[in-house]
>>> print(open('query31.cif').read())   # mmCIF, C-alpha atoms
data_coords
#
loop_
_atom_site.group_PDB
_atom_site.id
_atom_site.type_symbol
_atom_site.label_atom_id
_atom_site.label_comp_id
_atom_site.auth_asym_id
_atom_site.auth_seq_id
_atom_site.Cartn_x
_atom_site.Cartn_y
_atom_site.Cartn_z
ATOM 1 C CA MET X 1335 8.670 33.365 28.706
ATOM 2 C CA THR X 1336 8.536 30.305 31.005
ATOM 3 C CA LYS X 1337 5.310 29.204 29.280
ATOM 4 C CA SER X 1338 6.790 29.376 25.760
ATOM 5 C CA LEU X 1339 9.952 27.585 26.913
ATOM 6 C CA PHE X 1340 7.774 24.846 28.406
ATOM 7 C CA SER X 1341 5.775 24.528 25.122
ATOM 8 C CA LEU X 1342 9.010 24.328 23.147
ATOM 9 C CA LEU X 1343 10.392 21.620 25.417
ATOM 10 C CA ALA X 1344 7.115 19.682 25.282
ATOM 11 C CA ALA X 1345 7.064 19.853 21.458
ATOM 12 C CA PHE X 1346 10.700 18.718 21.301
ATOM 13 C CA PHE X 1347 9.998 15.867 23.734
ATOM 14 C CA LEU X 1348 6.914 14.723 21.782
ATOM 15 C CA SER X 1349 8.645 14.828 18.389
ATOM 16 C CA THR X 1350 11.647 12.931 19.808
ATOM 17 C CA MET X 1351 9.329 10.291 21.276
ATOM 18 C CA LEU X 1352 7.446 9.985 17.953
ATOM 19 C CA THR X 1353 10.660 9.586 15.951
ATOM 20 C CA PHE X 1354 11.966 7.059 18.461
ATOM 21 C CA SER X 1355 8.700 5.077 18.284
ATOM 22 C CA GLN X 1356 8.740 5.108 14.443
ATOM 23 C CA GLU X 1357 12.348 3.918 14.359
ATOM 24 C CA GLU X 1358 11.554 1.212 16.888
ATOM 25 C CA GLY X 1359 8.652 0.051 14.742
ATOM 26 C CA ASP X 1360 10.887 -0.182 11.677
ATOM 27 C CA ARG X 1361 12.861 -3.023 13.285
ATOM 28 C CA ILE X 1362 10.277 -5.389 11.832
ATOM 29 C CA ILE X 1363 11.287 -4.462 8.262
ATOM 30 C CA GLY X 1364 13.070 -7.348 6.565
ATOM 31 C CA VAL X 1365 12.553 -10.817 5.138
ATOM 32 C CA TRP X 1366 11.015 -13.462 7.441
ATOM 33 C CA GLU X 1367 10.432 -17.201 7.171
ATOM 34 C CA PRO X 1368 7.390 -18.927 8.705
ATOM 35 C CA SER X 1369 8.009 -22.126 10.725
ATOM 36 C CA ASN X 1370 6.971 -24.440 7.861
ATOM 37 C CA GLY X 1371 9.746 -23.006 5.652
ATOM 38 C CA LYS X 1372 7.438 -23.021 2.621
ATOM 39 C CA ALA X 1373 7.644 -19.273 1.969
ATOM 40 C CA ARG X 1374 9.486 -16.065 2.759
ATOM 41 C CA VAL X 1375 7.672 -12.841 3.567
ATOM 42 C CA LYS X 1376 9.141 -9.386 3.131
ATOM 43 C CA ILE X 1377 7.795 -6.881 5.651
ATOM 44 C CA GLU X 1378 7.949 -3.248 4.570
ATOM 45 C CA LYS X 1379 6.502 0.087 5.554
ATOM 46 C CA ILE X 1380 3.959 1.949 3.443
ATOM 47 C CA GLY X 1381 2.935 5.310 4.877
ATOM 48 C CA ASN X 1382 2.983 4.670 8.615
ATOM 49 C CA LYS X 1383 1.795 1.062 8.426
ATOM 50 C CA TYR X 1384 3.518 -2.256 7.913
ATOM 51 C CA PHE X 1385 2.720 -4.807 5.212
ATOM 52 C CA GLY X 1386 4.214 -8.162 4.280
ATOM 53 C CA LYS X 1387 4.224 -9.946 0.988
ATOM 54 C CA ILE X 1388 5.410 -13.340 -0.222
ATOM 55 C CA VAL X 1389 8.712 -12.932 -2.063
ATOM 56 C CA TRP X 1390 9.846 -16.561 -2.240
ATOM 57 C CA LEU X 1391 8.161 -19.946 -2.389
ATOM 58 C CA LYS X 1392 9.822 -23.309 -1.811
ATOM 59 C CA GLU X 1393 7.515 -24.772 -4.462
ATOM 60 C CA PRO X 1394 6.601 -21.895 -6.759
ATOM 61 C CA ASP X 1395 4.688 -24.048 -9.240
ATOM 62 C CA ASP X 1396 1.351 -25.749 -8.736
ATOM 63 C CA PRO X 1397 1.965 -29.525 -9.020
ATOM 64 C CA GLU X 1398 -1.458 -29.963 -10.665
ATOM 65 C CA THR X 1399 -0.902 -27.481 -13.471
ATOM 66 C CA GLY X 1400 2.884 -27.075 -13.567
ATOM 67 C CA LYS X 1401 2.304 -23.311 -13.692
ATOM 68 C CA PRO X 1402 3.106 -20.669 -11.017
ATOM 69 C CA LYS X 1403 0.825 -21.031 -7.989
ATOM 70 C CA THR X 1404 -2.180 -18.733 -7.878
ATOM 71 C CA ASP X 1405 -4.537 -17.801 -5.070
ATOM 72 C CA LYS X 1406 -6.936 -20.617 -6.001
ATOM 73 C CA ASN X 1407 -8.537 -20.854 -2.534
ATOM 74 C CA ASN X 1408 -9.572 -17.218 -2.382
ATOM 75 C CA PRO X 1409 -13.310 -16.899 -1.594
ATOM 76 C CA ASP X 1410 -13.406 -14.036 -4.118
ATOM 77 C CA GLU X 1411 -13.486 -15.830 -7.470
ATOM 78 C CA SER X 1412 -11.929 -12.872 -9.313
ATOM 79 C CA MET X 1413 -8.774 -13.213 -7.191
ATOM 80 C CA ARG X 1414 -8.104 -16.881 -7.960
ATOM 81 C CA THR X 1415 -5.809 -16.138 -10.892
ATOM 82 C CA VAL X 1416 -3.608 -13.726 -8.904
ATOM 83 C CA PRO X 1417 -0.092 -15.190 -8.387
ATOM 84 C CA ILE X 1418 0.784 -16.178 -4.809
ATOM 85 C CA LEU X 1419 4.308 -14.870 -5.338
ATOM 86 C CA GLY X 1420 4.063 -11.173 -4.571
ATOM 87 C CA TYR X 1421 0.791 -11.543 -2.646
ATOM 88 C CA ARG X 1422 0.460 -9.152 0.309
ATOM 89 C CA ILE X 1423 -0.596 -11.478 3.133
ATOM 90 C CA LEU X 1424 0.115 -9.124 6.053
ATOM 91 C CA LYS X 1425 -1.792 -5.850 5.953
ATOM 92 C CA ASP X 1426 -2.253 -2.625 7.910
ATOM 93 C CA PHE X 1427 -0.109 -3.228 11.003
ATOM 94 C CA THR X 1428 0.571 -0.364 13.388
ATOM 95 C CA TYR X 1429 3.415 -0.314 15.901
ATOM 96 C CA ARG X 1430 2.023 -0.070 19.435
ATOM 97 C CA GLY X 1431 5.292 -0.013 21.358
ATOM 98 C CA LYS X 1432 6.713 -2.763 23.581
ATOM 99 C CA ASN X 1433 7.602 -4.900 20.512
ATOM 100 C CA VAL X 1434 3.961 -5.286 19.412
ATOM 101 C CA TRP X 1435 2.450 -4.548 15.988
ATOM 102 C CA ASP X 1436 -1.308 -5.040 15.774
ATOM 103 C CA GLU X 1437 -4.625 -4.004 14.191
ATOM 104 C CA GLY X 1438 -3.544 -5.871 11.053
ATOM 105 C CA THR X 1439 -4.698 -8.953 9.221
ATOM 106 C CA ILE X 1440 -3.022 -12.089 7.908
ATOM 107 C CA TYR X 1441 -4.226 -14.030 4.880
ATOM 108 C CA ASP X 1442 -3.636 -17.781 4.661
ATOM 109 C CA PRO X 1443 -3.491 -18.773 0.975
ATOM 110 C CA GLU X 1444 -3.745 -22.454 1.936
ATOM 111 C CA ASN X 1445 -7.376 -22.053 3.012
ATOM 112 C CA GLY X 1446 -8.288 -18.624 1.649
ATOM 113 C CA SER X 1447 -9.066 -17.222 5.119
ATOM 114 C CA THR X 1448 -8.183 -13.844 6.565
ATOM 115 C CA TYR X 1449 -7.578 -13.508 10.302
ATOM 116 C CA ASN X 1450 -6.990 -10.638 12.687
ATOM 117 C CA CYS X 1451 -3.352 -10.660 13.622
ATOM 118 C CA LYS X 1452 -0.976 -9.458 16.296
ATOM 119 C CA ILE X 1453 2.796 -9.592 15.893
ATOM 120 C CA THR X 1454 5.195 -9.689 18.829
ATOM 121 C CA MET X 1455 8.949 -9.463 18.377
ATOM 122 C CA THR X 1456 10.424 -11.761 20.988
ATOM 123 C CA ASP X 1457 13.981 -10.984 19.920
ATOM 124 C CA GLU X 1458 15.544 -9.141 16.965
ATOM 125 C CA ASN X 1459 15.287 -12.222 14.757
ATOM 126 C CA THR X 1460 12.063 -13.851 15.970
ATOM 127 C CA LEU X 1461 8.405 -12.915 15.528
ATOM 128 C CA ASP X 1462 5.369 -14.488 17.141
ATOM 129 C CA ILE X 1463 2.597 -14.176 14.579
ATOM 130 C CA ARG X 1464 -0.794 -14.711 16.226
ATOM 131 C CA GLY X 1465 -3.774 -15.103 13.917
ATOM 132 C CA TYR X 1466 -7.217 -15.080 15.499
ATOM 133 C CA ILE X 1467 -10.910 -14.532 14.938
ATOM 134 C CA GLY X 1468 -12.629 -12.147 17.335
ATOM 135 C CA VAL X 1469 -10.481 -12.136 20.465
ATOM 136 C CA SER X 1470 -6.804 -13.046 20.449
ATOM 137 C CA VAL X 1471 -7.324 -15.766 23.090
ATOM 138 C CA PHE X 1472 -8.874 -17.954 20.399
ATOM 139 C CA GLY X 1473 -6.132 -18.217 17.835
ATOM 140 C CA ARG X 1474 -2.907 -19.826 16.727
ATOM 141 C CA THR X 1475 0.662 -18.583 16.957
ATOM 142 C CA ASP X 1476 3.399 -19.282 14.441
ATOM 143 C CA VAL X 1477 7.053 -18.401 14.963
ATOM 144 C CA TRP X 1478 8.828 -16.627 12.111
ATOM 145 C CA LYS X 1479 12.584 -16.260 11.839
ATOM 146 C CA ARG X 1480 14.406 -13.384 10.191
ATOM 147 C CA LEU X 1481 16.267 -14.368 7.061
ATOM 148 C CA GLN X 1482 19.899 -13.527 7.701
ATOM 149 C CA ALA X 1483 22.000 -12.144 4.869
ATOM 150 C CA LYS X 1484 24.828 -14.536 4.084
ATOM 151 C CA LYS X 1485 28.211 -13.097 4.963
ATOM 152 C CA LYS X 1486 30.728 -13.130 2.127
ATOM 153 C CA MET N 1243 -53.037 11.597 5.492
ATOM 154 C CA LYS N 1244 -51.780 10.101 2.217
ATOM 155 C CA LYS N 1245 -50.999 13.599 0.941
ATOM 156 C CA ILE N 1246 -49.020 14.428 4.082
ATOM 157 C CA SER N 1247 -46.877 11.315 3.829
ATOM 158 C CA LYS N 1248 -46.216 12.011 0.111
ATOM 159 C CA LEU N 1249 -45.206 15.560 1.015
ATOM 160 C CA LEU N 1250 -42.961 14.242 3.762
ATOM 161 C CA ILE N 1251 -41.243 11.793 1.432
ATOM 162 C CA ALA N 1252 -40.804 14.492 -1.227
ATOM 163 C CA SER N 1253 -39.288 16.933 1.259
ATOM 164 C CA MET N 1254 -36.949 14.242 2.608
ATOM 165 C CA ALA N 1255 -35.800 13.376 -0.914
ATOM 166 C CA PHE N 1256 -35.255 17.076 -1.641
ATOM 167 C CA SER N 1257 -33.170 17.522 1.539
ATOM 168 C CA LEU N 1258 -31.129 14.466 0.612
ATOM 169 C CA MET N 1259 -30.493 15.881 -2.875
ATOM 170 C CA ILE N 1260 -29.320 19.171 -1.407
ATOM 171 C CA ALA N 1261 -27.054 17.387 1.083
ATOM 172 C CA CYS N 1262 -25.498 14.946 -1.384
ATOM 173 C CA GLY N 1263 -25.630 16.799 -4.653
ATOM 174 C CA GLY N 1264 -25.069 20.418 -5.519
ATOM 175 C CA PRO N 1265 -23.002 21.850 -8.311
ATOM 176 C CA THR N 1266 -19.530 20.434 -8.876
ATOM 177 C CA VAL N 1267 -16.517 21.546 -10.841
ATOM 178 C CA GLU N 1268 -14.273 19.189 -12.841
ATOM 179 C CA ILE N 1269 -10.492 19.467 -12.638
ATOM 180 C CA GLU N 1270 -7.737 17.764 -14.601
ATOM 181 C CA TYR N 1271 -4.939 17.165 -12.114
ATOM 182 C CA GLU N 1272 -1.448 16.125 -13.142
ATOM 183 C CA THR N 1273 1.025 15.165 -10.429
ATOM 184 C CA PRO N 1274 4.523 16.606 -10.433
ATOM 185 C CA GLU N 1275 7.187 14.168 -11.611
ATOM 186 C CA LEU N 1276 7.567 11.587 -8.853
ATOM 187 C CA THR N 1277 10.719 9.566 -8.315
ATOM 188 C CA PHE N 1278 10.450 5.857 -7.543
ATOM 189 C CA LYS N 1279 13.742 4.426 -6.395
ATOM 190 C CA LEU N 1280 14.535 0.810 -5.595
ATOM 191 C CA GLU N 1281 17.629 0.505 -3.450
ATOM 192 C CA PRO N 1282 20.116 -2.319 -3.938
ATOM 193 C CA PRO N 1283 20.254 -5.124 -3.137
ATOM 194 C CA PHE N 1284 16.971 -6.225 -4.660
ATOM 195 C CA PHE N 1285 16.012 -9.605 -5.974
ATOM 196 C CA ALA N 1286 14.194 -11.149 -8.877
ATOM 197 C CA GLY N 1287 10.478 -11.320 -8.057
ATOM 198 C CA PRO N 1288 8.164 -8.868 -6.338
ATOM 199 C CA ASN N 1289 9.523 -5.561 -5.008
ATOM 200 C CA THR N 1290 7.762 -2.448 -3.754
ATOM 201 C CA ILE N 1291 8.621 1.176 -4.426
ATOM 202 C CA GLN N 1292 6.614 4.149 -3.236
ATOM 203 C CA ALA N 1293 6.386 7.920 -3.474
ATOM 204 C CA GLU N 1294 4.551 10.408 -1.290
ATOM 205 C CA LEU N 1295 2.272 12.899 -3.006
ATOM 206 C CA ASP N 1296 1.522 16.164 -1.189
ATOM 207 C CA LEU N 1297 -1.933 17.347 -2.242
ATOM 208 C CA SER N 1298 -1.538 21.045 -1.354
ATOM 209 C CA GLU N 1299 -0.964 21.899 -5.030
ATOM 210 C CA LEU N 1300 -4.199 20.114 -5.963
ATOM 211 C CA ASN N 1301 -6.084 21.955 -3.221
ATOM 212 C CA GLU N 1302 -4.808 25.283 -4.609
ATOM 213 C CA GLN N 1303 -6.016 24.221 -8.047
ATOM 214 C CA ILE N 1304 -9.411 23.321 -6.585
ATOM 215 C CA LYS N 1305 -9.697 26.732 -4.909
ATOM 216 C CA GLN N 1306 -8.767 28.532 -8.121
ATOM 217 C CA ALA N 1307 -11.450 26.598 -9.992
ATOM 218 C CA GLY N 1308 -14.048 27.659 -7.414
ATOM 219 C CA GLY N 1309 -14.236 24.308 -5.616
ATOM 220 C CA LYS N 1310 -13.949 23.431 -1.939
ATOM 221 C CA PRO N 1311 -10.847 21.425 -0.949
ATOM 222 C CA GLY N 1312 -11.837 18.339 1.039
ATOM 223 C CA ASN N 1313 -15.081 17.967 -0.923
ATOM 224 C CA VAL N 1314 -13.989 15.721 -3.780
ATOM 225 C CA VAL N 1315 -16.979 13.596 -4.809
ATOM 226 C CA LYS N 1316 -15.475 11.673 -7.713
ATOM 227 C CA ALA N 1317 -11.978 10.893 -8.940
ATOM 228 C CA VAL N 1318 -10.734 8.772 -11.822
ATOM 229 C CA THR N 1319 -7.184 8.022 -12.944
ATOM 230 C CA THR N 1320 -6.779 8.952 -16.604
ATOM 231 C CA GLU N 1321 -3.084 8.248 -17.188
ATOM 232 C CA VAL N 1322 -0.155 6.534 -15.454
ATOM 233 C CA THR N 1323 3.221 6.906 -17.156
ATOM 234 C CA PHE N 1324 6.662 5.725 -16.089
ATOM 235 C CA THR N 1325 9.928 6.781 -17.660
ATOM 236 C CA SER N 1326 13.232 5.017 -17.088
ATOM 237 C CA LEU N 1327 15.908 7.377 -15.815
ATOM 238 C CA ASP N 1328 19.099 5.404 -16.342
ATOM 239 C CA SER N 1329 20.423 2.357 -18.119
ATOM 240 C CA LEU N 1330 19.664 -0.037 -15.257
ATOM 241 C CA SER N 1331 16.080 1.168 -15.230
ATOM 242 C CA SER N 1332 15.495 -0.361 -18.616
ATOM 243 C CA PHE N 1333 12.079 -1.961 -18.671
ATOM 244 C CA ASP N 1334 13.755 -5.179 -19.865
ATOM 245 C CA LEU N 1335 14.234 -5.994 -16.173
ATOM 246 C CA VAL N 1336 10.529 -5.605 -15.402
ATOM 247 C CA GLU N 1337 7.973 -8.377 -15.781
ATOM 248 C CA SER N 1338 4.885 -6.587 -14.443
ATOM 249 C CA ILE N 1339 3.797 -3.420 -12.671
ATOM 250 C CA LEU N 1340 0.873 -2.799 -10.314
ATOM 251 C CA VAL N 1341 0.069 0.751 -9.208
ATOM 252 C CA GLN N 1342 -1.953 1.438 -6.054
ATOM 253 C CA LEU N 1343 -2.904 4.384 -3.868
ATOM 254 C CA PHE N 1344 -2.572 4.294 -0.092
ATOM 255 C CA ASN N 1345 -3.224 6.453 2.919
ATOM 256 C CA ASP N 1346 -2.976 5.380 6.572
ATOM 257 C CA ASP N 1347 -6.792 5.581 6.845
ATOM 258 C CA ILE N 1348 -7.655 4.012 3.471
ATOM 259 C CA ASP N 1349 -6.846 0.537 2.147
ATOM 260 C CA LEU N 1350 -4.430 -0.024 -0.729
ATOM 261 C CA THR N 1351 -6.478 0.556 -3.880
ATOM 262 C CA LYS N 1352 -5.447 -0.527 -7.355
ATOM 263 C CA ILE N 1353 -5.542 2.139 -10.052
ATOM 264 C CA ALA N 1354 -3.472 0.558 -12.836
ATOM 265 C CA GLY N 1355 -1.498 -2.532 -13.746
ATOM 266 C CA SER N 1356 0.248 -4.180 -16.692
ATOM 267 C CA SER N 1357 1.440 -7.764 -17.096
ATOM 268 C CA PRO N 1358 3.257 -8.106 -19.424
ATOM 269 C CA LEU N 1359 4.364 -4.529 -19.952
ATOM 270 C CA PRO N 1360 3.102 -2.492 -22.906
ATOM 271 C CA GLU N 1361 5.394 -1.275 -25.682
ATOM 272 C CA VAL N 1362 8.149 1.093 -24.554
ATOM 273 C CA VAL N 1363 8.082 4.401 -26.436
ATOM 274 C CA ASN N 1364 10.866 6.955 -25.858
ATOM 275 C CA ASN N 1365 11.877 5.164 -22.646
ATOM 276 C CA SER N 1366 8.307 5.465 -21.332
ATOM 277 C CA ILE N 1367 5.356 3.167 -20.783
ATOM 278 C CA ASN N 1368 1.664 3.824 -20.177
ATOM 279 C CA ILE N 1369 0.185 1.441 -17.606
ATOM 280 C CA THR N 1370 -3.276 -0.017 -18.247
ATOM 281 C CA LEU N 1371 -5.885 1.638 -16.032
ATOM 282 C CA ALA N 1372 -8.117 -0.346 -13.668
ATOM 283 C CA ASN N 1373 -11.754 -0.596 -14.757
ATOM 284 C CA GLU N 1374 -13.226 0.108 -11.341
ATOM 285 C CA GLN N 1375 -11.774 2.861 -9.224
ATOM 286 C CA LYS N 1376 -13.147 4.186 -5.960
ATOM 287 C CA ILE N 1377 -10.431 6.669 -5.094
ATOM 288 C CA GLU N 1378 -12.189 9.951 -4.271
ATOM 289 C CA LYS N 1379 -11.504 9.544 -0.516
ATOM 290 C CA PHE N 1380 -7.746 9.811 -1.156
ATOM 291 C CA PHE N 1381 -8.144 13.326 -2.547
ATOM 292 C CA ASN N 1382 -9.838 14.602 0.591
ATOM 293 C CA LYS N 1383 -6.612 14.030 2.557
ATOM 294 C CA ASP N 1384 -3.449 16.154 2.835
ATOM 295 C CA LYS N 1385 -1.276 13.525 1.198
ATOM 296 C CA LEU N 1386 -1.315 10.050 -0.283
ATOM 297 C CA PHE N 1387 1.200 7.387 -1.212
ATOM 298 C CA ILE N 1388 1.611 5.912 -4.667
ATOM 299 C CA VAL N 1389 2.703 2.321 -4.202
ATOM 300 C CA VAL N 1390 4.239 0.466 -7.130
ATOM 301 C CA ASP N 1391 4.603 -3.313 -6.952
ATOM 302 C CA ILE N 1392 7.142 -4.242 -9.535
ATOM 303 C CA ASN N 1393 8.186 -7.738 -10.576
ATOM 304 C CA MET N 1394 11.861 -7.840 -11.492
ATOM 305 C CA THR N 1395 13.438 -10.500 -13.677
ATOM 306 C CA GLU N 1396 16.967 -10.304 -12.208
ATOM 307 C CA ASP N 1397 18.792 -9.862 -8.914
ATOM 308 C CA ASN N 1398 20.810 -6.708 -8.475
ATOM 309 C CA PHE N 1399 23.370 -6.031 -5.770
ATOM 310 C CA GLU N 1400 24.927 -2.680 -6.688
ATOM 311 C CA ASP N 1401 22.791 -0.276 -8.680
ATOM 312 C CA TYR N 1402 19.663 1.715 -7.993
ATOM 313 C CA PHE N 1403 16.616 1.146 -10.158
ATOM 314 C CA THR N 1404 14.939 4.509 -10.727
ATOM 315 C CA LEU N 1405 11.731 5.456 -12.487
ATOM 316 C CA ALA N 1406 10.039 8.816 -12.954
ATOM 317 C CA GLY N 1407 6.271 8.606 -12.659
ATOM 318 C CA LYS N 1408 3.526 10.980 -13.743
ATOM 319 C CA LEU N 1409 -0.145 10.423 -13.049
ATOM 320 C CA LYS N 1410 -3.209 12.239 -14.280
ATOM 321 C CA PHE N 1411 -6.620 12.314 -12.609
ATOM 322 C CA LYS N 1412 -10.036 13.726 -13.448
ATOM 323 C CA ILE N 1413 -11.504 15.103 -10.238
ATOM 324 C CA ASN N 1414 -15.005 16.360 -9.483
ATOM 325 C CA VAL N 1415 -15.301 18.596 -6.444
ATOM 326 C CA LYS N 1416 -18.204 20.449 -4.828
ATOM 327 C CA GLN N 1417 -18.385 24.181 -5.501
#
>>> encode(input="query31.cif", output="structure tokens")
Amino acid sequence: MTKSLFSLLAAFFLSTMLTFSQEEGDRIIGVWEPSNGKARVKIEKIGNKYFGKIVWLKEPDDPETGKPKTDKNNPDESMRTVPILGYRILKDFTYRGKNVWDEGTIYDPENGSTYNCKITMTDENTLDIRGYIGVSVFGRTDVWKRLQAKKK
Amino acid sequence: MKKISKLLIASMAFSLMIACGGPTVEIEYETPELTFKLEPPFFAGPNTIQAELDLSELNEQIKQAGGKPGNVVKAVTTEVTFTSLDSLSSFDLVESILVQLFNDDIDLTKIAGSSPLPEVVNNSINITLANEQKIEKFFNKDKLFIVVDINMTEDNFEDYFTLAGKLKFKINVKQ
């Protein structure tokens, strides 16, 4: 009797912790703006992972062609005609607790490179996005701000 | 000595054939009707909608056909159809659609996409299938997600945008 009550309590505790952790991880969902202000990235959840795609560009057209910007720097030639608008640049992030999402990658369309990436939420409206190769010590951090909905 | 090494190679090849090959059974699998709902507000440009697909029904079908669930060796998408469910879901608001599969352990994989959209017939469209598909791994899981990237032409602040989706797959599974 005591044993089954203990198992029940343990299961309840674990499921509560899991739900709490998932809800905590969902705080990253929203639209964010990198420090250069050139784009806006919408972070969303697919399955249990987090992804971010470009939903707005300050300059949506390529000045050379006058047509919508495409991923012309991608090392994979077949991807160079894919529009930048809608491109998923953040991929496969998992919430680790303590305001950190990691094990994901970030793609920089300006040079066609993909980096390992760790995201830290420093406050509800600020993300430190650290892109790196190999170990996170050797990398660069950009600060993204949450896009606030305008109050009517 | 030469004969022994030939024999060795032949026996290794035979073992490999047994391990990798074996008889398979082919199944036509049609998903139940899946609902894809975009909640307001949403904006012109790229949006994502997704639906979870529980594969227990497929695994039952595999068992009934004499196959072993979890042993899918080949899978190909044969049809992706979306039907608009209400007036707002008119395809007039949609510029392009990209359909992908996802599981937490497997990368997003494209299975179909149309830009611009094909002709709408009876409120439905058939999305063009991707030429190359390596999707068998998805069908050896308990569930998968169907992720639809949809490019909208207008902002919307009040109404839901809802589509019903049906997908068909040809699946080969070990007996």
>>> interface_residues(input="query31.cif", of="chain N", to="chain X", cutoff="7 Å", atoms="only C-alpha atoms", output="list in words")
Gly1287, Pro1288, Asn1345, Asp1346 and Phe1387 of chain N
>>> residues_around(input="query31.cif", residues="Leu1405 (chain N)", least_positions_apart="3", cutoff="8 Å", atoms="all atoms listed in the file", output="ChimeraX atom specification")
/N:1277-1279,1324-1327,1331
>>> atom_distance(input="query31.cif", atom1="CA of Asn1373 (chain N)", atom2="CA of Gly1386 (chain X)")
26.0 Å
>>> residues_around(input="query31.cif", residues="Leu1300 (chain N)", least_positions_apart="5", cutoff="10 Å", atoms="only C-alpha atoms", output="list in words")
Ile1269, Glu1270, Tyr1271, Glu1272, Thr1273, Lys1305, Gln1306, Pro1311, Phe1381, Asp1384 and Ile1413 of chain N
>>> closest_residue(input="query31.cif", among="X:Leu1481, X:Asp1410, X:Arg1430, X:Lys1372", to="Thr1460 (chain X)", atoms="all atoms listed in the file")
X:Leu1481
>>> residues_around(input="query31.cif", residues="Thr1456 (chain X)", least_positions_apart="5", cutoff="12 Å", atoms="all atoms listed in the file", output="JSON list (two decimals) with C-alpha atoms, in the coordinates of the input")
[["chain", "number", "residue", "atom", "x", "y", "z"],
["X", 1361, "ARG", "CA", 12.86, -3.02, 13.28],
["X", 1362, "ILE", "CA", 10.28, -5.39, 11.83],
["X", 1432, "LYS", "CA", 6.71, -2.76, 23.58],
["X", 1433, "ASN", "CA", 7.60, -4.90, 20.51],
["X", 1434, "VAL", "CA", 3.96, -5.29, 19.41],
["X", 1435, "TRP", "CA", 2.45, -4.55, 15.99],
["X", 1461, "LEU", "CA", 8.40, -12.92, 15.53],
["X", 1462, "ASP", "CA", 5.37, -14.49, 17.14],
["X", 1463, "ILE", "CA", 2.60, -14.18, 14.58],
["X", 1477, "VAL", "CA", 7.05, -18.40, 14.96],
["X", 1478, "TRP", "CA", 8.83, -16.63, 12.11],
["X", 1479, "LYS", "CA", 12.58, -16.26, 11.84],
["X", 1480, "ARG", "CA", 14.41, -13.38, 10.19]]
>>> atom_distance(input="query31.cif", atom1="CA of Ile1367 (chain N)", atom2="CA of Tyr1402 (chain N)")
19.2 Å
>>> residues_near_point(input="query31.cif", point="(-1.0, -1.6, -14.7)", cutoff="7 Å", atoms="all atoms listed in the file", output="PDB file with C-alpha atoms, in the frame of the given file")
ATOM      1  CA  ILE N1339       3.797  -3.420 -12.671  1.00  0.00           C
ATOM      2  CA  LEU N1340       0.873  -2.799 -10.314  1.00  0.00           C
ATOM      3  CA  VAL N1341       0.069   0.751  -9.208  1.00  0.00           C
ATOM      4  CA  ALA N1354      -3.472   0.558 -12.836  1.00  0.00           C
ATOM      5  CA  GLY N1355      -1.498  -2.532 -13.746  1.00  0.00           C
ATOM      6  CA  SER N1356       0.248  -4.180 -16.692  1.00  0.00           C
ATOM      7  CA  ILE N1369       0.185   1.441 -17.606  1.00  0.00           C
ATOM      8  CA  THR N1370      -3.276  -0.017 -18.247  1.00  0.00           C
ATOM      9  CA  LEU N1371      -5.885   1.638 -16.032  1.00  0.00           C
TER      10      LEU N1371
END
>>> atom_distance(input="query31.cif", atom1="CA of Trp1366 (chain X)", atom2="CA of Thr1399 (chain X)")
27.9 Å
>>> resolve_selection(input="query31.cif", expression="the PyMOL selection byres ((chain N and resi 1334) around 12)", output="ChimeraX atom specification")
/N:1326,1329-1333,1335-1338,1358-1362,1365,1367,1393-1396,1403
>>> write_last_selection(input="query31.cif", atoms="C-alpha atoms", output="tab-separated table (two decimals), keeping the file's coordinate frame")
chain	number	residue	atom	x	y	z
N	1326	SER	CA	13.23	5.02	-17.09
N	1329	SER	CA	20.42	2.36	-18.12
N	1330	LEU	CA	19.66	-0.04	-15.26
N	1331	SER	CA	16.08	1.17	-15.23
N	1332	SER	CA	15.50	-0.36	-18.62
N	1333	PHE	CA	12.08	-1.96	-18.67
N	1335	LEU	CA	14.23	-5.99	-16.17
N	1336	VAL	CA	10.53	-5.60	-15.40
N	1337	GLU	CA	7.97	-8.38	-15.78
N	1338	SER	CA	4.88	-6.59	-14.44
N	1358	PRO	CA	3.26	-8.11	-19.42
N	1359	LEU	CA	4.36	-4.53	-19.95
N	1360	PRO	CA	3.10	-2.49	-22.91
N	1361	GLU	CA	5.39	-1.27	-25.68
N	1362	VAL	CA	8.15	1.09	-24.55
N	1365	ASN	CA	11.88	5.16	-22.65
N	1367	ILE	CA	5.36	3.17	-20.78
N	1393	ASN	CA	8.19	-7.74	-10.58
N	1394	MET	CA	11.86	-7.84	-11.49
N	1395	THR	CA	13.44	-10.50	-13.68
N	1396	GLU	CA	16.97	-10.30	-12.21
N	1403	PHE	CA	16.62	1.15	-10.16
>>> resolve_selection(input="query31.cif", expression="the PyMOL selection byres ((chain X and resi 1364) around 6)", output="short mmCIF file (atom, residue, chain, number, x, y, z; two decimals) with C-alpha atoms, keeping the file's coordinate frame")
data_model
loop_
_atom_site.label_atom_id
_atom_site.label_comp_id
_atom_site.auth_asym_id
_atom_site.auth_seq_id
_atom_site.Cartn_x
_atom_site.Cartn_y
_atom_site.Cartn_z
CA ILE X 1363 11.29 -4.46 8.26
CA VAL X 1365 12.55 -10.82 5.14
CA LYS X 1376 9.14 -9.39 3.13
CA ILE X 1377 7.80 -6.88 5.65
#
>>> residues_around(input="query31.cif", residues="Thr1404 (chain X)", least_positions_apart="4", cutoff="12 Å", atoms="all atoms listed in the file", output="list in words")
Leu1391, Glu1393, Pro1394, Asp1395, Asp1396, Pro1397, Glu1398, Thr1399, Gly1400, Asn1408, Glu1411, Ser1412, Met1413, Arg1414, Thr1415, Val1416, Pro1417, Ile1418, Leu1419, Gly1420, Tyr1421, Pro1443, Glu1444 and Gly1446 of chain X
>>> closest_residue(input="query31.cif", among="N:Thr1266, N:Thr1320, N:Asn1313, N:Gln1303", to="Glu1378 (chain N)", atoms="only C-alpha atoms")
N:Asn1313
